Structures are given as structure tokens and as C-alpha cells.
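To start, the structure itself, in C-alpha cells.
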Amino acid sequence: MSGGDVAAFLFFAAAALFGVHKAFAFGSAIGSGLGKTVDTSGAYQIIVRPQNSEAVDLLARTIWGEARGDGYRGMQAVANVVMNRIYRSGWPDTVRGVTLQSAQFSAWNAGDPNRPLMEAVTAYDASFQDALKIAQLAIDGMLSDITGGADHYHANTIAAPYWADGGRISARIGNHIFYNLTGGQA
């Protein structure tokens, strides 16, 4: 087998393992764990998506929609809130359940001006690439919590919501104030 034959075999073996959906290549060429579209023949594309791709995508879109203006640390902090909720009682135990829970993350609210932007963003956007990296680290359990265990936050440009009254501020990151209202550990 030539080097090209081996690469093709590995690519299609990965497609069989992960399930063929669209073209996505993984490996040292992308180093950060992000997928990269590969044109396999000029006629069509195959994307190999890992099983947790929906969770990574939802988390990345949520953190991008909520905190892209705060850079990497701001998006990391929002990812921390999502993951802290998943691991605590009283909250859904999946990324989908937490991020799409009604009235929890404003970027998902109907009529929010961020929603169409968030739904349309692609990996060509540099800040969304960061969001994808952060989301994958969070899903893999490799993202450190910089919020002091926060399970709530709000923008510092609005009056504190009713739920923040008397709440313990655990961090101020970017344009957001974070709270650990359930007392979980960071």
C-alpha cells in the first residue's frame, strides 16, 4: 500500500467508525481537535462527525452567541456555567437540555438578534473556532473552571436580575458577572 492508499483507508475507516455525514478530517494536520473539511474527489464531500458533535456544536454556538465579544476567557466562563449546571442536581444533565432550556441563555431566545447570527456562524469565523475548541475541551472534561463554580451569570450592562439578589458573586469576567447560587464546587 502506498502512503496515499493508507491515508484513504484510514479516512474511510474513520468514516465507518464515526458515521458518514459530511467531510471532516481529524489528525495532526489540525492539531487543535477541530475538524477540517476535506474535498475527497471534487464531486462530493464526506464529513465524519464524532458522536458528541451535537453537544460540541450546541455548546460552541451558545458560548459564541453569549460571549464572543469577551474573547476566549469570556466564552470559557459561559462554558463553565453550562457544565456546572449539567453536573448539579436541579438542572438537565445534557448540553442540549441546559443550553436550550427556556429563558436560560438569551442567544437562544426567539427574537434575540444574536440567534440568527449564532445559527449561521461557521468555522470560518475565528471566534467560532475558539468556541469550538472550548466546547470540545468542556465536553472532554478538560476545561478548567475560571468562574468559581458559577451556575448563573448576567451582563454587567443590565440591572441585576431578581435571582441575583443576595447571590454570591463568584467572578467578573469580560462583560459578565458570575454567581454560584447552588454552592457547588469550582
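Ordered as shown in the C-alpha cells, chains take letters A, B, and onward, while each chain numbers its residues from 1 and ligands are numbered from 1 in the order shown.
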
Practice task
Could you give me, as JSON, numbers by chain, the residues within 9 Å of segment 52-60 of chain A, counting only C-alpha atoms and dropping anything in the same chain fewer than 3 positions from it?
Solution key: {"A": [49, 63, 64, 65, 75, 79, 82, 94, 95, 96, 99, 100, 128, 129, 130, 131, 132, 133, 134, 135, 136, 138, 139]}

Exercise for the section: Give me the residues within 10 Å of Gly174 of chain A as a list in words, counting only C-alpha atoms and dropping any in the same chain fewer than 5 places off. Expected result: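 With the cut-off at 10 Å, the set is Ala67, Gly69, Asp70, Gly71, Tyr72, Arg73, Gly74, Met75, Ala77, Ala155 and Asn156 of chain A.
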
Problem - Option closest in space to Thr147 of chain A, from A:Tyr162, A:Phe178, A:Tyr87, A:Tyr124 [counting only C-alpha atoms] - result: A:Phe178

Exercise for the section: Taking the chain letters and numbering used in this document, name the residues of segment 83-153 of chain A that DSSP puts in helix (DSSP H, G or I), as a ChimeraX atom specification. Expected result: /A:83-86,95-99,106-108,114-120,126-139

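Relative to atom CA of Ile146 of chain A, atom CA of Ala110 of chain A is found at 29.5 Å.
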
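Note that atom CA of Val81 of chain A and atom CA of Asp151 of chain A are 4.7 Å apart.
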
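If only C-alpha atoms are the atoms counted, then among A:Asp112, A:Val121, A:Tyr153, A:Ala103 the closest residue to Arg68 of chain A is A:Val121.
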
Exercise for the section: Kindly indicate which residue among A:Arg88, A:His154, A:His176, A:Arg168 lies nearest to Gln104 of chain A, using only C-alpha atoms for the distances. Expected result: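 Under the stated criterion, the closest residue is A:His154.
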
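Counting from atom CA of Gly111 of chain A, the distance to atom CA of Arg172 of chain A is 27.3 Å.
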
Handout entry: Counting only C-alpha atoms, the option among A:Glu66, A:Asp140, A:Gly148, A:Ile173 closest to Pro113 of chain A
Key =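 Among the listed residues, A:Glu66 lies closest to Pro113 of chain A.
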
Handout entry: Top pick for closest residue to Ile86 of chain A, considering A:Gln101, A:Thr157, A:Glu119, A:Ile169 and counting only C-alpha atoms
Key = A:Gln101

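The closest residue to Tyr179 of chain A, picked from A:Pro161, A:Gly149, A:Gly141, A:Gly97 and counting only C-alpha atoms, is A:Gly149.
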